[in-house]
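Novice: Input protein-v1.tsv, format and content: TSV, N, CA and C atoms.
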chain	number	residue	atom	x	y	z
A	14	MET	N	178.20	104.64	108.09
A	14	MET	CA	178.23	105.50	106.93
A	14	MET	C	176.81	105.89	106.51
A	15	LEU	N	175.86	104.95	106.64
A	15	LEU	CA	174.47	105.24	106.31
A	15	LEU	C	173.91	106.33	107.21
A	16	LEU	N	174.25	106.25	108.48
A	16	LEU	CA	173.76	107.25	109.44
A	16	LEU	C	174.29	108.64	109.11
A	17	ARG	N	175.53	108.72	108.67
A	17	ARG	CA	176.11	110.01	108.31
A	17	ARG	C	175.37	110.62	107.11
A	18	GLY	N	175.08	109.80	106.11
A	18	GLY	CA	174.35	110.29	104.94
A	18	GLY	C	172.93	110.72	105.29
A	19	LEU	N	172.24	109.91	106.11
A	19	LEU	CA	170.89	110.29	106.53
A	19	LEU	C	170.92	111.58	107.35
A	20	THR	N	171.95	111.75	108.16
A	20	THR	CA	172.07	112.97	108.95
A	20	THR	C	172.21	114.18	108.05
A	21	TRP	N	173.01	114.08	106.99
A	21	TRP	CA	173.14	115.20	106.06
A	21	TRP	C	171.82	115.51	105.37
A	22	LEU	N	171.11	114.46	104.96
A	22	LEU	CA	169.82	114.68	104.30
A	22	LEU	C	168.82	115.35	105.24
A	23	VAL	N	168.78	114.91	106.48
A	23	VAL	CA	167.86	115.51	107.45
A	23	VAL	C	168.29	116.94	107.78
A	24	LEU	N	169.58	117.19	107.88
A	24	LEU	CA	170.05	118.55	108.15
A	24	LEU	C	169.65	119.52	107.04
A	25	PHE	N	169.75	119.09	105.79
A	25	PHE	CA	169.33	119.96	104.70
A	25	PHE	C	167.82	120.18	104.74
A	26	GLN	N	167.06	119.15	105.11
A	26	GLN	CA	165.61	119.33	105.22
A	26	GLN	C	165.28	120.31	106.35
A	27	LEU	N	165.97	120.18	107.47
A	27	LEU	CA	165.74	121.09	108.59
A	27	LEU	C	166.15	122.53	108.22
A	28	LEU	N	167.25	122.68	107.52
A	28	LEU	CA	167.67	124.00	107.07
A	28	LEU	C	166.62	124.61	106.14
A	29	GLY	N	166.07	123.80	105.26
A	29	GLY	CA	165.00	124.26	104.40
A	29	GLY	C	163.76	124.67	105.17
A	30	THR	N	163.44	123.92	106.23
A	30	THR	CA	162.29	124.27	107.06
A	30	THR	C	162.52	125.57	107.80
A	31	VAL	N	163.73	125.79	108.28
A	31	VAL	CA	164.06	127.05	108.95
A	31	VAL	C	163.91	128.22	107.99
A	32	ILE	N	164.42	128.06	106.78
A	32	ILE	CA	164.29	129.12	105.77
A	32	ILE	C	162.82	129.34	105.42
A	33	ASN	N	162.06	128.24	105.36
A	33	ASN	CA	160.63	128.35	105.10
A	33	ASN	C	159.91	129.16	106.16
A	34	VAL	N	160.21	128.89	107.41
A	34	VAL	CA	159.53	129.58	108.51
A	34	VAL	C	159.97	131.05	108.59
A	35	LEU	N	161.25	131.32	108.38
A	35	LEU	CA	161.76	132.67	108.56
A	35	LEU	C	161.63	133.56	107.34
A	36	LEU	N	161.82	133.00	106.14
A	36	LEU	CA	161.93	133.85	104.96
A	36	LEU	C	160.93	133.55	103.84
A	37	LEU	N	160.71	132.30	103.54
A	37	LEU	CA	159.91	131.92	102.36
A	37	LEU	C	158.73	131.03	102.75
A	38	PRO	N	157.67	131.58	103.30
A	38	PRO	CA	156.56	130.73	103.71
A	38	PRO	C	155.77	130.15	102.54
A	39	MET	N	155.99	130.66	101.32
A	39	MET	CA	155.23	130.15	100.19
A	39	MET	C	155.81	128.86	99.60
A	40	LEU	N	157.03	128.50	99.96
A	40	LEU	CA	157.65	127.26	99.49
A	40	LEU	C	157.77	126.28	100.64
A	41	PRO	N	157.50	125.00	100.40
A	41	PRO	CA	157.66	124.00	101.46
A	41	PRO	C	159.12	123.85	101.87
A	42	GLY	N	159.34	123.66	103.17
A	42	GLY	CA	160.69	123.51	103.70
A	42	GLY	C	161.49	122.38	103.07
A	43	PRO	N	160.90	121.18	102.92
A	43	PRO	CA	161.67	120.10	102.29
A	43	PRO	C	162.10	120.41	100.86
A	44	ILE	N	161.30	121.16	100.13
A	44	ILE	CA	161.68	121.53	98.76
A	44	ILE	C	162.87	122.49	98.80
A	45	ILE	N	162.82	123.45	99.71
A	45	ILE	CA	163.95	124.38	99.86
A	45	ILE	C	165.21	123.60	100.24
A	46	GLY	N	165.07	122.66	101.17
A	46	GLY	CA	166.21	121.84	101.58
A	46	GLY	C	166.77	121.02	100.43
A	47	MET	N	165.88	120.50	99.57
A	47	MET	CA	166.33	119.72	98.43
A	47	MET	C	167.10	120.59	97.45
A	48	VAL	N	166.62	121.81	97.24
A	48	VAL	CA	167.33	122.73	96.35
A	48	VAL	C	168.70	123.09	96.94
A	49	LEU	N	168.74	123.32	98.25
A	49	LEU	CA	170.03	123.62	98.91
A	49	LEU	C	170.99	122.44	98.79
A	50	LEU	N	170.48	121.23	98.97
A	50	LEU	CA	171.32	120.04	98.81
A	50	LEU	C	171.84	119.95	97.38
A	51	PHE	N	170.97	120.22	96.41
A	51	PHE	CA	171.38	120.19	95.00
A	51	PHE	C	172.49	121.20	94.73
A	52	VAL	N	172.33	122.41	95.25
A	52	VAL	CA	173.36	123.45	95.07
A	52	VAL	C	174.66	123.02	95.74
A	53	ALA	N	174.56	122.45	96.94
A	53	ALA	CA	175.77	122.00	97.64
A	53	ALA	C	176.47	120.90	96.86
A	54	LEU	N	175.71	119.99	96.27
A	54	LEU	CA	176.31	118.92	95.48
A	54	LEU	C	176.93	119.47	94.19
A	55	LEU	N	176.29	120.49	93.59
A	55	LEU	CA	176.88	121.12	92.41
A	55	LEU	C	178.20	121.80	92.74
A	56	VAL	N	178.23	122.50	93.87
A	56	VAL	CA	179.46	123.19	94.28
A	56	VAL	C	180.55	122.18	94.58
A	57	ARG	N	180.17	121.11	95.27
A	57	ARG	CA	181.16	120.09	95.64
A	57	ARG	C	181.62	119.29	94.43
A	58	GLY	N	180.72	119.09	93.47
A	58	GLY	CA	181.10	118.35	92.26
A	58	GLY	C	180.62	116.92	92.24
A	59	SER	N	180.38	116.33	93.41
A	59	SER	CA	179.88	114.96	93.46
A	59	SER	C	179.30	114.71	94.85
A	60	ALA	N	178.56	113.64	94.94
A	60	ALA	CA	177.98	113.26	96.23
A	60	ALA	C	178.94	112.32	96.95
A	61	SER	N	179.00	112.46	98.26
A	61	SER	CA	179.87	111.58	99.03
A	61	SER	C	179.28	110.17	99.07
A	62	ASP	N	180.10	109.21	99.44
A	62	ASP	CA	179.64	107.82	99.52
A	62	ASP	C	178.51	107.67	100.52
A	63	SER	N	178.58	108.41	101.63
A	63	SER	CA	177.53	108.28	102.64
A	63	SER	C	176.19	108.81	102.13
A	64	ILE	N	176.20	109.92	101.40
A	64	ILE	CA	174.95	110.45	100.85
A	64	ILE	C	174.41	109.53	99.76
A	65	GLN	N	175.29	108.98	98.94
A	65	GLN	CA	174.85	108.04	97.91
A	65	GLN	C	174.23	106.79	98.54
A	66	LEU	N	174.84	106.28	99.61
A	66	LEU	CA	174.31	105.11	100.29
A	66	LEU	C	172.95	105.41	100.91
A	67	ALA	N	172.82	106.56	101.56
A	67	ALA	CA	171.55	106.94	102.18
A	67	ALA	C	170.46	107.12	101.12
A	68	ALA	N	170.80	107.78	100.02
A	68	ALA	CA	169.82	108.02	98.97
A	68	ALA	C	169.37	106.71	98.32
A	69	SER	N	170.31	105.81	98.05
A	69	SER	CA	169.93	104.54	97.43
A	69	SER	C	169.13	103.68	98.40
A	70	SER	N	169.41	103.79	99.69
A	70	SER	CA	168.62	103.05	100.67
A	70	SER	C	167.19	103.58	100.73
A	71	LEU	N	167.03	104.89	100.64
A	71	LEU	CA	165.68	105.48	100.66
A	71	LEU	C	164.91	105.21	99.37
A	72	LEU	N	165.62	105.10	98.25
A	72	LEU	CA	164.95	104.85	96.98
A	72	LEU	C	164.24	103.50	96.94
A	73	ARG	N	164.72	102.55	97.73
A	73	ARG	CA	164.06	101.25	97.77
A	73	ARG	C	162.63	101.35	98.29
A	74	TYR	N	162.36	102.37	99.10
A	74	TYR	CA	161.04	102.52	99.70
A	74	TYR	C	160.18	103.54	98.97
A	75	LEU	N	160.64	104.04	97.85
A	75	LEU	CA	159.89	105.03	97.09
A	75	LEU	C	158.50	104.53	96.66
A	76	PRO	N	158.33	103.28	96.24
A	76	PRO	CA	156.98	102.84	95.86
A	76	PRO	C	155.96	102.96	97.00
A	77	LEU	N	156.41	102.90	98.23
A	77	LEU	CA	155.47	103.05	99.34
A	77	LEU	C	154.84	104.44	99.38
A	78	LEU	N	155.53	105.43	98.80
A	78	LEU	CA	154.98	106.78	98.76
A	78	LEU	C	153.80	106.89	97.80
A	79	LEU	N	153.66	105.91	96.90
A	79	LEU	CA	152.56	105.93	95.95
A	79	LEU	C	151.29	105.30	96.51
A	80	VAL	N	151.37	104.64	97.64
A	80	VAL	CA	150.19	103.99	98.23
A	80	VAL	C	149.16	105.02	98.71
A	81	PRO	N	149.54	106.06	99.47
A	81	PRO	CA	148.50	107.02	99.92
A	81	PRO	C	147.74	107.70	98.79
A	82	PRO	N	148.40	108.15	97.70
A	82	PRO	CA	147.59	108.72	96.61
A	82	PRO	C	146.64	107.71	95.99
A	83	ALA	N	147.08	106.48	95.85
A	83	ALA	CA	146.21	105.45	95.27
A	83	ALA	C	145.00	105.20	96.17
A	84	VAL	N	145.22	105.17	97.47
A	84	VAL	CA	144.11	104.98	98.41
A	84	VAL	C	143.19	106.19	98.36
A	85	GLY	N	143.77	107.39	98.26
A	85	GLY	CA	142.95	108.60	98.16
A	85	GLY	C	142.07	108.59	96.94
A	86	VAL	N	142.58	108.13	95.82
A	86	VAL	CA	141.78	108.05	94.60
A	86	VAL	C	140.63	107.07	94.80
A	87	MET	N	140.90	105.96	95.47
A	87	MET	CA	139.85	104.97	95.69
A	87	MET	C	138.81	105.46	96.69
A	88	VAL	N	139.22	106.17	97.73
A	88	VAL	CA	138.30	106.63	98.76
A	88	VAL	C	137.44	107.79	98.26
A	89	TYR	N	138.05	108.69	97.50
A	89	TYR	CA	137.36	109.90	97.06
A	89	TYR	C	136.90	109.82	95.61
A	90	THR	N	136.56	108.64	95.15
A	90	THR	CA	136.13	108.46	93.77
A	90	THR	C	134.91	109.31	93.45
A	91	GLU	N	133.94	109.36	94.36
A	91	GLU	CA	132.73	110.14	94.10
A	91	GLU	C	133.05	111.63	93.95
A	92	ALA	N	133.89	112.16	94.82
A	92	ALA	CA	134.26	113.57	94.73
A	92	ALA	C	135.03	113.86	93.45
A	93	ILE	N	135.86	112.93	93.05
A	93	ILE	CA	136.62	113.10	91.80
A	93	ILE	C	135.67	113.08	90.62
A	94	LEU	N	134.69	112.18	90.63
A	94	LEU	CA	133.74	112.10	89.53
A	94	LEU	C	132.86	113.35	89.43
A	95	GLU	N	132.58	113.98	90.57
A	95	GLU	CA	131.79	115.22	90.54
A	95	GLU	C	132.53	116.32	89.80
A	96	ASP	N	133.82	116.39	89.95
A	96	ASP	CA	134.63	117.43	89.30
A	96	ASP	C	135.47	116.86	88.16
A	97	PHE	N	134.99	115.78	87.56
A	97	PHE	CA	135.77	115.07	86.55
A	97	PHE	C	136.19	115.99	85.40
A	98	TRP	N	135.24	116.75	84.84
A	98	TRP	CA	135.58	117.57	83.67
A	98	TRP	C	136.51	118.72	84.03
A	99	ALA	N	136.39	119.25	85.23
A	99	ALA	CA	137.31	120.30	85.66
A	99	ALA	C	138.73	119.73	85.80
A	100	ILE	N	138.83	118.53	86.34
A	100	ILE	CA	140.13	117.88	86.49
A	100	ILE	C	140.73	117.57	85.12
A	101	VAL	N	139.91	117.02	84.22
A	101	VAL	CA	140.39	116.71	82.87
A	101	VAL	C	140.82	117.99	82.16
A	102	GLY	N	140.03	119.05	82.29
A	102	GLY	CA	140.38	120.32	81.66
A	102	GLY	C	141.70	120.87	82.17
A	103	ALA	N	141.88	120.83	83.49
A	103	ALA	CA	143.14	121.31	84.06
A	103	ALA	C	144.32	120.48	83.59
A	104	LEU	N	144.14	119.17	83.52
A	104	LEU	CA	145.22	118.30	83.05
A	104	LEU	C	145.56	118.56	81.58
A	105	VAL	N	144.54	118.73	80.75
A	105	VAL	CA	144.79	118.97	79.32
A	105	VAL	C	145.47	120.32	79.12
A	106	ILE	N	144.97	121.35	79.81
A	106	ILE	CA	145.59	122.68	79.67
A	106	ILE	C	147.04	122.66	80.13
A	107	SER	N	147.32	122.01	81.27
A	107	SER	CA	148.70	121.96	81.76
A	107	SER	C	149.58	121.14	80.81
A	108	LEU	N	149.03	120.08	80.22
A	108	LEU	CA	149.80	119.28	79.26
A	108	LEU	C	150.14	120.12	78.03
A	109	VAL	N	149.16	120.83	77.49
A	109	VAL	CA	149.40	121.64	76.29
A	109	VAL	C	150.41	122.74	76.59
A	110	LEU	N	150.25	123.43	77.71
A	110	LEU	CA	151.20	124.49	78.06
A	110	LEU	C	152.61	123.96	78.24
A	111	SER	N	152.74	122.82	78.91
A	111	SER	CA	154.09	122.29	79.12
A	111	SER	C	154.70	121.80	77.81
A	112	LEU	N	153.89	121.22	76.92
A	112	LEU	CA	154.43	120.80	75.62
A	112	LEU	C	154.87	121.99	74.78
A	113	VAL	N	154.07	123.06	74.77
A	113	VAL	CA	154.45	124.25	74.01
A	113	VAL	C	155.72	124.86	74.59
A	114	PHE	N	155.81	124.98	75.91
A	114	PHE	CA	157.00	125.55	76.52
A	114	PHE	C	158.23	124.68	76.26
A	115	THR	N	158.07	123.36	76.37
A	115	THR	CA	159.20	122.45	76.13
A	115	THR	C	159.68	122.55	74.68
A	116	GLY	N	158.75	122.60	73.74
A	116	GLY	CA	159.12	122.74	72.33
A	116	GLY	C	159.84	124.05	72.05
A	117	TRP	N	159.31	125.15	72.63
A	117	TRP	CA	159.94	126.45	72.46
A	117	TRP	C	161.35	126.45	73.04
A	118	LEU	N	161.50	125.89	74.26
A	118	LEU	CA	162.81	125.85	74.90
A	118	LEU	C	163.78	124.98	74.10
A	119	MET	N	163.30	123.87	73.56
A	119	MET	CA	164.17	123.00	72.77
A	119	MET	C	164.66	123.71	71.51
A	120	GLN	N	163.77	124.42	70.84
A	120	GLN	CA	164.17	125.17	69.65
A	120	GLN	C	165.19	126.24	70.00
A	121	LEU	N	164.98	126.93	71.11
A	121	LEU	CA	165.92	127.95	71.57
A	121	LEU	C	167.29	127.34	71.84
A	122	LEU	N	167.32	126.20	72.50
A	122	LEU	CA	168.60	125.56	72.80
A	122	LEU	C	169.29	125.02	71.55
A	123	ILE	N	168.51	124.53	70.60
A	123	ILE	CA	169.10	124.05	69.35
A	123	ILE	C	169.74	125.21	68.59
A	124	ARG	N	169.03	126.35	68.52
A	124	ARG	CA	169.60	127.53	67.85
A	124	ARG	C	170.88	128.00	68.54
A	125	ARG	N	170.86	127.99	69.85
A	125	ARG	CA	172.05	128.42	70.61
A	125	ARG	C	173.22	127.47	70.36
A	126	GLN	N	172.93	126.18	70.31
A	126	GLN	CA	173.99	125.20	70.06
A	126	GLN	C	174.57	125.38	68.66
A	127	LYS	N	173.73	125.66	67.67
A	127	LYS	CA	174.21	125.90	66.31
A	127	LYS	C	175.10	127.13	66.25
A	128	ARG	N	174.69	128.21	66.95
A	128	ARG	CA	175.51	129.43	66.96
A	128	ARG	C	176.86	129.17	67.60
A	129	ASN	N	176.88	128.39	68.69
A	129	ASN	CA	178.14	128.08	69.35
A	129	ASN	C	179.05	127.24	68.46
A	130	LYS	N	178.47	126.32	67.68
A	130	LYS	CA	179.28	125.52	66.77
A	130	LYS	C	179.83	126.36	65.63
A	131	GLU	N	179.04	127.33	65.14
A	131	GLU	CA	179.50	128.20	64.05
A	131	GLU	C	180.62	129.12	64.51
A	132	LYS	N	180.56	129.56	65.76
A	132	LYS	CA	181.61	130.44	66.31
A	132	LYS	C	182.92	129.68	66.51
A	133	ALA	N	182.80	128.39	66.83
A	133	ALA	CA	184.01	127.61	67.14
A	133	ALA	C	184.74	127.16	65.92
Would it be possible to restate this file's structure as structure tokens?

Specialist:
Amino acid sequence: MLLRGLTWLVLFQLLGTVINVLLLPMLPGPIIGMVLLFVALLVRGSASDSIQLAASSLLRYLPLLLVPPAVGVMVYTEAILEDFWAIVGALVISLVLSLVFTGWLMQLLIRRQKRNKEKA
């Protein structure tokens, strides 16, 4: 059952890579495949047992994906320190923009929910 779930996950990744090469070179293939898998799961309504088993098995190894960035930060400390203020500026600007957008979207959704309750 695990092999069946992993096969589905790999097939969606490969489908995303094909779409990336043929149609959308600006988006990474695995991201396209993940979106396609998400859409397929929405259409289906739930994930099969094999996909759930494969996903939970892969999640156990997720912390290992954090090791390369941590090593990169340690190896390239000097380069990071050279551009420290540019990095901090980019992080602060992106934080402020995302907070403003999130607040605006939340207010919009709250207003919409109130209108729907008033209509009902």

Novice: When distances are computed from only N, CA and C atoms, which of A:Gly29, A:Gly102, A:Pro81, A:Pro76 shows the smallest separation from Pro41 in chain A?

Specialist: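 Under the stated criterion, the closest residue is A:Gly29.
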
Novice: Might you pull out every residue within 6 Å of Ala67 in chain A, with only N, CA and C atoms counted and same-chain residues fewer than 5 positions away left off, and present them as a ChimeraX atom specification?

Specialist: /A:15,18-19,62,72

Novice: Rank A:Leu94, A:Leu66, A:Ala60, A:Ala103 by their smallest atom-to-atom distance to Met14 in chain A, using all atoms listed in the file, and report the top residue only.

Specialist: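 Comparing A:Leu94, A:Leu66, A:Ala60, A:Ala103 against Met14 in chain A, the winner is A:Leu66.
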
Novice: Could you check which of A:Val88, A:Ile45, A:Leu40, A:Leu79 is closest to Leu28 in chain A, using only C-alpha atoms?

Specialist: A:Ile45

Novice: Tell me, in Å to one decimal, how far atom N of Gln65 in chain A is from atom N of Leu27 in chain A.

Specialist: 16.9 Å

Novice: Work out how far apart atom N of Val101 in chain A and atom N of Val86 in chain A are and give it in Å to one decimal.

Specialist: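 Spanning atom N of Val101 in chain A to atom N of Val86 in chain A is a straight-line distance of 14.9 Å.
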
Novice: Please measure the separation of CA of Ala99 in chain A and atom C of Val80 in chain A, giving the value in Å to one decimal.

Specialist: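 Result for CA of Ala99 in chain A versus atom C of Val80 in chain A: 23.3 Å, one decimal.
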
Novice: Could you pull out the alpha helix (DSSP H) residues of range 27-116 of chain A from DSSP and send them as a PyMOL selection string?

Specialist: chain A and resi 27-35+42-57+62-72+80-88+90-95+97-116

Novice: Draw an axis-aligned box tight on the listed atoms of range 30-37 of chain A, then pad every side by 4 Å and write out centre and edge lengths in Å to one decimal as JSON.

Specialist:
{"center_x": 161.6, "center_y": 128.9, "center_z": 105.7, "size_x": 13.7, "size_y": 17.9, "size_z": 14.6}

Novice: Using all atoms listed in the file, find the one residue out of A:Asn33, A:Thr90, A:Gln26, A:Ser59 that sits nearest to Gly46 in chain A.

Specialist: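 That would be A:Gln26, the residue with the smallest distance to Gly46 in chain A.
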
Novice: Just want the 12 Å neighbourhood of Gly42 in chain A, counted on only C-alpha atoms, with same-chain residues fewer than 5 positions away dropped. Output as a list of chain:residue names.

Specialist: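 Selected residues are A:Val23, A:Leu24, A:Phe25, A:Gln26, A:Leu27, A:Leu28, A:Gly29, A:Thr30, A:Val31, A:Ile32, A:Asn33, A:Val34, A:Leu35, A:Leu36, A:Leu37, A:Met47, A:Val48, A:Leu49.
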
Novice: Closest to Ala68 in chain A among A:Val56, A:Met39, A:Trp21, A:Glu95, using only C-alpha atoms?

Specialist: A:Trp21
